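Below: final-v2.pdb (PDB, C-alpha atoms, pLDDT in the B column)
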ATOM      1  CA  MET C   1      37.120  14.498  67.880  1.00 76.00           C
ATOM      2  CA  LYS C   2      38.387  11.254  66.367  1.00 75.00           C
ATOM      3  CA  GLY C   3      34.806   9.951  66.312  1.00 81.00           C
ATOM      4  CA  PHE C   4      33.609  13.071  64.491  1.00 80.00           C
ATOM      5  CA  LEU C   5      36.442  12.767  61.941  1.00 77.00           C
ATOM      6  CA  ALA C   6      35.596   9.089  61.434  1.00 82.00           C
ATOM      7  CA  VAL C   7      31.936   9.970  60.729  1.00 81.00           C
ATOM      8  CA  ILE C   8      32.984  12.585  58.141  1.00 83.00           C
ATOM      9  CA  VAL C   9      35.322  10.089  56.432  1.00 83.00           C
ATOM     10  CA  VAL C  10      32.517   7.507  56.286  1.00 82.00           C
ATOM     11  CA  ILE C  11      30.098  10.076  54.840  1.00 85.00           C
ATOM     12  CA  VAL C  12      32.669  11.128  52.206  1.00 81.00           C
ATOM     13  CA  LEU C  13      33.316   7.492  51.283  1.00 77.00           C
ATOM     14  CA  ILE C  14      29.566   6.830  50.936  1.00 82.00           C
ATOM     15  CA  ILE C  15      29.144   9.874  48.700  1.00 81.00           C
ATOM     16  CA  LEU C  16      32.136   8.850  46.555  1.00 70.00           C
ATOM     17  CA  GLY C  17      30.790   5.299  46.329  1.00 71.00           C
ATOM     18  CA  VAL C  18      27.399   6.524  45.187  1.00 70.00           C
ATOM     19  CA  VAL C  19      28.922   8.875  42.587  1.00 69.00           C
ATOM     20  CA  LEU C  20      31.491   6.394  41.262  1.00 70.00           C
ATOM     21  CA  PHE C  21      29.263   3.314  41.166  1.00 70.00           C
ATOM     22  CA  LYS C  22      26.010   4.925  40.092  1.00 66.00           C
ATOM     23  CA  PRO C  23      24.908   3.275  36.853  1.00 65.00           C
ATOM     24  CA  LYS C  24      25.231   5.582  33.894  1.00 62.00           C
ATOM     25  CA  GLN C  25      21.930   6.473  32.277  1.00 62.00           C
ATOM     26  CA  THR C  26      21.880   6.864  28.540  1.00 59.00           C
ATOM     27  CA  PRO C  27      19.310   9.186  27.066  1.00 61.00           C
ATOM     28  CA  PRO C  28      16.427   7.351  25.412  1.00 56.00           C
ATOM     29  CA  GLN C  29      16.986   6.794  21.717  1.00 53.00           C
ATOM     30  CA  PRO C  30      14.246   7.878  19.336  1.00 54.00           C
ATOM     31  CA  VAL C  31      12.349   5.007  17.752  1.00 49.00           C
ATOM     32  CA  GLN C  32      13.133   4.756  14.071  1.00 49.00           C
ATOM     33  CA  PRO C  33      10.310   3.573  11.838  1.00 49.00           C
ATOM     34  CA  GLN C  34      11.066   0.285  10.172  1.00 50.00           C
ATOM     35  CA  THR C  35      11.278   0.575   6.451  1.00 47.00           C
ATOM     36  CA  ASN C  36      10.726  -2.094   3.909  1.00 49.00           C
ATOM     37  CA  PRO C  37      13.247  -1.368   1.109  1.00 48.00           C
ATOM     38  CA  GLU C  38      10.866  -2.798  -1.487  1.00 48.00           C
ATOM     39  CA  LYS C  39       7.984  -0.656  -0.277  1.00 47.00           C
ATOM     40  CA  SER C  40      10.029   2.526   0.103  1.00 44.00           C
ATOM     41  CA  MET C  41      10.785   2.426  -3.614  1.00 50.00           C
ATOM     42  CA  THR C  42       7.103   2.498  -4.472  1.00 49.00           C
ATOM     43  CA  SER C  43       4.399   5.093  -4.121  1.00 52.00           C
ATOM     44  CA  THR C  44       1.393   4.834  -1.845  1.00 67.00           C
ATOM     45  CA  ALA C  45      -1.026   6.963  -3.839  1.00 71.00           C
ATOM     46  CA  VAL C  46      -4.597   5.853  -4.464  1.00 89.00           C
ATOM     47  CA  LYS C  47      -5.544   6.055  -8.129  1.00 95.00           C
ATOM     48  CA  GLU C  48      -9.268   5.997  -8.831  1.00 97.00           C
ATOM     49  CA  PHE C  49     -10.787   5.283 -12.227  1.00 98.00           C
ATOM     50  CA  ASN C  50     -14.290   5.016 -13.601  1.00 97.00           C
ATOM     51  CA  VAL C  51     -14.448   2.512 -16.452  1.00 98.00           C
ATOM     52  CA  ASN C  52     -17.627   2.318 -18.517  1.00 97.00           C
ATOM     53  CA  GLY C  53     -18.465  -0.819 -20.459  1.00 97.00           C
ATOM     54  CA  LYS C  54     -20.796  -1.069 -23.429  1.00 95.00           C
ATOM     55  CA  ASN C  55     -21.178  -3.283 -26.474  1.00 93.00           C
ATOM     56  CA  PHE C  56     -18.196  -3.887 -27.179  1.00 94.00           C
ATOM     57  CA  SER C  57     -15.724  -1.447 -25.663  1.00 97.00           C
ATOM     58  CA  PHE C  58     -14.343   0.074 -22.487  1.00 97.00           C
ATOM     59  CA  ASP C  59     -13.994   3.802 -21.834  1.00 97.00           C
ATOM     60  CA  PRO C  60     -11.221   4.493 -21.085  1.00 97.00           C
ATOM     61  CA  SER C  61      -9.347   1.747 -22.872  1.00 97.00           C
ATOM     62  CA  GLN C  62      -5.990   2.805 -21.384  1.00 97.00           C
ATOM     63  CA  ILE C  63      -5.132   3.161 -17.668  1.00 97.00           C
ATOM     64  CA  THR C  64      -1.656   4.067 -16.385  1.00 97.00           C
ATOM     65  CA  VAL C  65      -0.469   3.846 -12.764  1.00 96.00           C
ATOM     66  CA  LYS C  66       2.820   3.581 -10.878  1.00 95.00           C
ATOM     67  CA  LYS C  67       4.115   0.477  -9.168  1.00 95.00           C
ATOM     68  CA  GLY C  68       2.911   0.515  -5.577  1.00 94.00           C
ATOM     69  CA  ASP C  69      -0.223   2.555  -6.271  1.00 95.00           C
ATOM     70  CA  LYS C  70      -3.451   1.386  -4.735  1.00 97.00           C
ATOM     71  CA  VAL C  71      -5.803   1.165  -7.706  1.00 97.00           C
ATOM     72  CA  LYS C  72      -9.558   1.565  -7.319  1.00 97.00           C
ATOM     73  CA  ILE C  73     -11.665   0.911 -10.414  1.00 98.00           C
ATOM     74  CA  THR C  74     -15.408   1.454 -10.489  1.00 98.00           C
ATOM     75  CA  PHE C  75     -16.797  -0.470 -13.445  1.00 98.00           C
ATOM     76  CA  LYS C  76     -20.179   0.686 -14.727  1.00 98.00           C
ATOM     77  CA  ASP C  77     -22.140  -1.296 -17.297  1.00 97.00           C
ATOM     78  CA  GLU C  78     -23.759   1.169 -19.704  1.00 97.00           C
ATOM     79  CA  ASP C  79     -25.176  -1.346 -22.169  1.00 95.00           C
ATOM     80  CA  GLY C  80     -25.600  -5.111 -22.041  1.00 95.00           C
ATOM     81  CA  PHE C  81     -24.181  -7.756 -19.725  1.00 97.00           C
ATOM     82  CA  HIS C  82     -20.455  -7.361 -18.936  1.00 98.00           C
ATOM     83  CA  ASN C  83     -17.645  -7.582 -16.409  1.00 98.00           C
ATOM     84  CA  LEU C  84     -14.046  -6.416 -16.119  1.00 98.00           C
ATOM     85  CA  VAL C  85     -11.126  -8.819 -15.672  1.00 98.00           C
ATOM     86  CA  ILE C  86      -7.466  -7.751 -15.339  1.00 97.00           C
ATOM     87  CA  SER C  87      -5.007 -10.394 -16.521  1.00 91.00           C
ATOM     88  CA  GLY C  88      -2.000 -10.840 -14.260  1.00 93.00           C
ATOM     89  CA  TYR C  89      -3.642  -9.314 -11.179  1.00 95.00           C
ATOM     90  CA  ASN C  90      -6.367 -11.835 -10.316  1.00 93.00           C
ATOM     91  CA  VAL C  91      -8.896  -8.972 -10.381  1.00 97.00           C
ATOM     92  CA  GLU C  92     -12.422  -9.544 -11.629  1.00 97.00           C
ATOM     93  CA  THR C  93     -15.789  -7.891 -11.154  1.00 97.00           C
ATOM     94  CA  LYS C  94     -19.019  -9.822 -11.194  1.00 97.00           C
ATOM     95  CA  LYS C  95     -20.949  -9.909 -14.451  1.00 97.00           C
ATOM     96  CA  ILE C  96     -23.492  -7.111 -14.222  1.00 98.00           C
ATOM     97  CA  ASN C  97     -26.369  -5.705 -16.246  1.00 97.00           C
ATOM     98  CA  THR C  98     -26.990  -2.274 -17.753  1.00 97.00           C
ATOM     99  CA  GLY C  99     -26.985   0.469 -15.121  1.00 97.00           C
ATOM    100  CA  GLN C 100     -25.170  -1.562 -12.469  1.00 98.00           C
ATOM    101  CA  GLU C 101     -21.659  -0.945 -11.202  1.00 97.00           C
ATOM    102  CA  GLN C 102     -19.042  -2.701  -9.131  1.00 98.00           C
ATOM    103  CA  THR C 103     -15.774  -1.522  -7.576  1.00 97.00           C
ATOM    104  CA  VAL C 104     -12.506  -3.470  -7.294  1.00 98.00           C
ATOM    105  CA  GLU C 105      -9.290  -2.472  -5.508  1.00 97.00           C
ATOM    106  CA  PHE C 106      -5.769  -3.844  -5.694  1.00 97.00           C
ATOM    107  CA  ILE C 107      -2.129  -2.856  -5.283  1.00 96.00           C
ATOM    108  CA  ALA C 108      -0.219  -2.464  -8.551  1.00 96.00           C
ATOM    109  CA  ASP C 109       2.775  -4.511  -7.408  1.00 96.00           C
ATOM    110  CA  LYS C 110       4.044  -5.675 -10.826  1.00 96.00           C
ATOM    111  CA  THR C 111       5.290  -3.505 -13.670  1.00 97.00           C
ATOM    112  CA  GLY C 112       4.299  -4.065 -17.255  1.00 97.00           C
ATOM    113  CA  GLN C 113       1.242  -3.957 -19.465  1.00 98.00           C
ATOM    114  CA  PHE C 114      -1.790  -5.982 -18.464  1.00 98.00           C
ATOM    115  CA  GLU C 115      -4.882  -6.503 -20.558  1.00 98.00           C
ATOM    116  CA  TYR C 116      -8.287  -5.899 -19.070  1.00 98.00           C
ATOM    117  CA  TYR C 117     -11.295  -7.356 -20.832  1.00 98.00           C
ATOM    118  CA  CYS C 118     -14.873  -8.572 -20.584  1.00 98.00           C
ATOM    119  CA  SER C 119     -14.992 -12.331 -20.022  1.00 98.00           C
ATOM    120  CA  VAL C 120     -18.524 -12.805 -21.370  1.00 97.00           C
ATOM    121  CA  THR C 121     -18.190 -15.265 -24.256  1.00 97.00           C
ATOM    122  CA  GLY C 122     -17.114 -13.507 -27.450  1.00 97.00           C
ATOM    123  CA  HIS C 123     -16.891  -9.964 -26.035  1.00 97.00           C
ATOM    124  CA  ARG C 124     -13.097  -9.874 -25.731  1.00 97.00           C
ATOM    125  CA  GLU C 125     -12.764 -11.121 -29.310  1.00 97.00           C
ATOM    126  CA  LYS C 126     -15.118  -8.343 -30.460  1.00 97.00           C
ATOM    127  CA  GLY C 127     -12.761  -5.717 -29.004  1.00 96.00           C
ATOM    128  CA  MET C 128     -13.985  -5.300 -25.425  1.00 98.00           C
ATOM    129  CA  LYS C 129     -10.525  -4.921 -23.943  1.00 97.00           C
ATOM    130  CA  GLY C 130      -8.078  -2.313 -22.733  1.00 97.00           C
ATOM    131  CA  THR C 131      -4.578  -1.962 -21.298  1.00 97.00           C
ATOM    132  CA  LEU C 132      -3.433  -1.299 -17.742  1.00 97.00           C
ATOM    133  CA  THR C 133       0.152   0.020 -17.755  1.00 97.00           C
ATOM    134  CA  VAL C 134       2.118  -0.115 -14.499  1.00 97.00           C
ATOM    135  CA  ASN C 135       5.383   1.876 -14.531  1.00 96.00           C
TER     136      ASN C 135
END
structure tokens encoding of this file:
Amino acid sequence: MKGFLAVIVVIVLIILGVVLFKPKQTPPQPVQPQTNPEKSMTSTAVKEFNVNGKNFSFDPSQITVKKGDKVKITFKDEDGFHNLVISGYNVETKKINTGQEQTVEFIADKTGQFEYYCSVTGHREKGMKGTLTVN
């Protein structure tokens, strides 16, 4: 009988040891997306514009976007030999002929007003310019 009692005591001690010393498991924590404070304050919309160039103007001559917008401009040359350059954004299309078009894309990451113009000699001075406003 003492042997049987000793076996029961050993079994109880093993069970208590397993229960008391079992490592606690914490439930898995959900993964939180990392946020960039600068980016979270901006929008992620894509703004598309068609800008037509002719001697010596752009249509439209005013474009407005929000800071953080992805801007896509398709420049179409309707008359002559032109391009589209945006000061302050290092954006420039190739110089193209009548009927051709070219698309540029960039992120509007600076606020303010930025002139866009044709860089063909004399065209900007003749009024071939417009304004990109980034709010």
Shortest interatomic distance to Glu115 of chain C - which of C:Val46, C:Met128, C:Leu20, C:Val9, counting all atoms listed in the file:
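Distance minimum relative to Glu115 of chain C lands on C:Met128.
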Quick one: of C:Val51, C:Ala45, C:Val104, C:Val91, who's nearest to Phe75 of chain C, counting only C-alpha atoms?
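Counting only C-alpha atoms, the residue closest to Phe75 of chain C is C:Val51.
Separating atom CA of Asn83 of chain C from atom CA of Asp69 of chain C is a distance of 22.6 Å.
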If you measure from atom CA of Asn90 of chain C to atom CA of Glu48 of chain C, what distance in Å do you get, rounded to one decimal?
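It comes out at 18.1 Å.
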Using all atoms listed in the file, which residues sit within 6 Å of Lys67 of chain C once same-chain residues fewer than 5 positions away are excluded, as JSON, numbers by chain?
{"C": [42, 108, 109, 134, 135]}
Store the residues picked out above, limited to C-alpha atoms, as a short mmCIF file (atom, residue, chain, number, x, y, z; two decimals), keeping the file's coordinate frame.
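The result, written out as result-v2.cif:
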data_model
loop_
_atom_site.label_atom_id
_atom_site.label_comp_id
_atom_site.auth_asym_id
_atom_site.auth_seq_id
_atom_site.Cartn_x
_atom_site.Cartn_y
_atom_site.Cartn_z
CA THR C 42 7.10 2.50 -4.47
CA ALA C 108 -0.22 -2.46 -8.55
CA ASP C 109 2.78 -4.51 -7.41
CA VAL C 134 2.12 -0.12 -14.50
CA ASN C 135 5.38 1.88 -14.53
#
Find the residue from C:Gln62, C:Ser87, C:Thr103, C:Asn55 that sits nearest to Thr74 of chain C; use only C-alpha atoms when measuring.
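Answer, going by the shortest atom-to-atom distance: C:Thr103.
Here atom CA of Gly112 of chain C stands at a distance of 15.7 Å from atom CA of Lys70 of chain C.
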Can you tell me which residues surround Pro60 of chain C at a distance of at most 10 Å, considering only C-alpha atoms, apart from same-chain residues fewer than 6 positions away, and format the answer as an MDAnalysis selection string?
chainID C and resid 49:53 129:131
Do you know which residues the PyMOL selection byres ((chain C and resi 120) around 10) returns on this file, as a PyMOL selection string?
chain C and resi 81-84+95+117-119+121-125+128
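Using all atoms listed in the file, the shortest contact distance between Lys94 of chain C and any of C:Thr111, C:Leu5, C:Gly17, C:Lys76 is found at C:Lys76.
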Might I get the box with edges along x, y and z of the file that holds all atoms of segment 103-120 of chain C listed there, padded by 5 Å on every side, given as centre and edge lengths in Å to one decimal, as JSON?
{"center_x": -6.6, "center_y": -7.2, "center_z": -13.3, "size_x": 33.8, "size_y": 21.3, "size_z": 26.1}
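Residue nearest Phe106 of chain C, chosen from C:Ile73, C:Ile15, C:Val85, C:Ile63 and counting all atoms listed in the file: C:Ile73.
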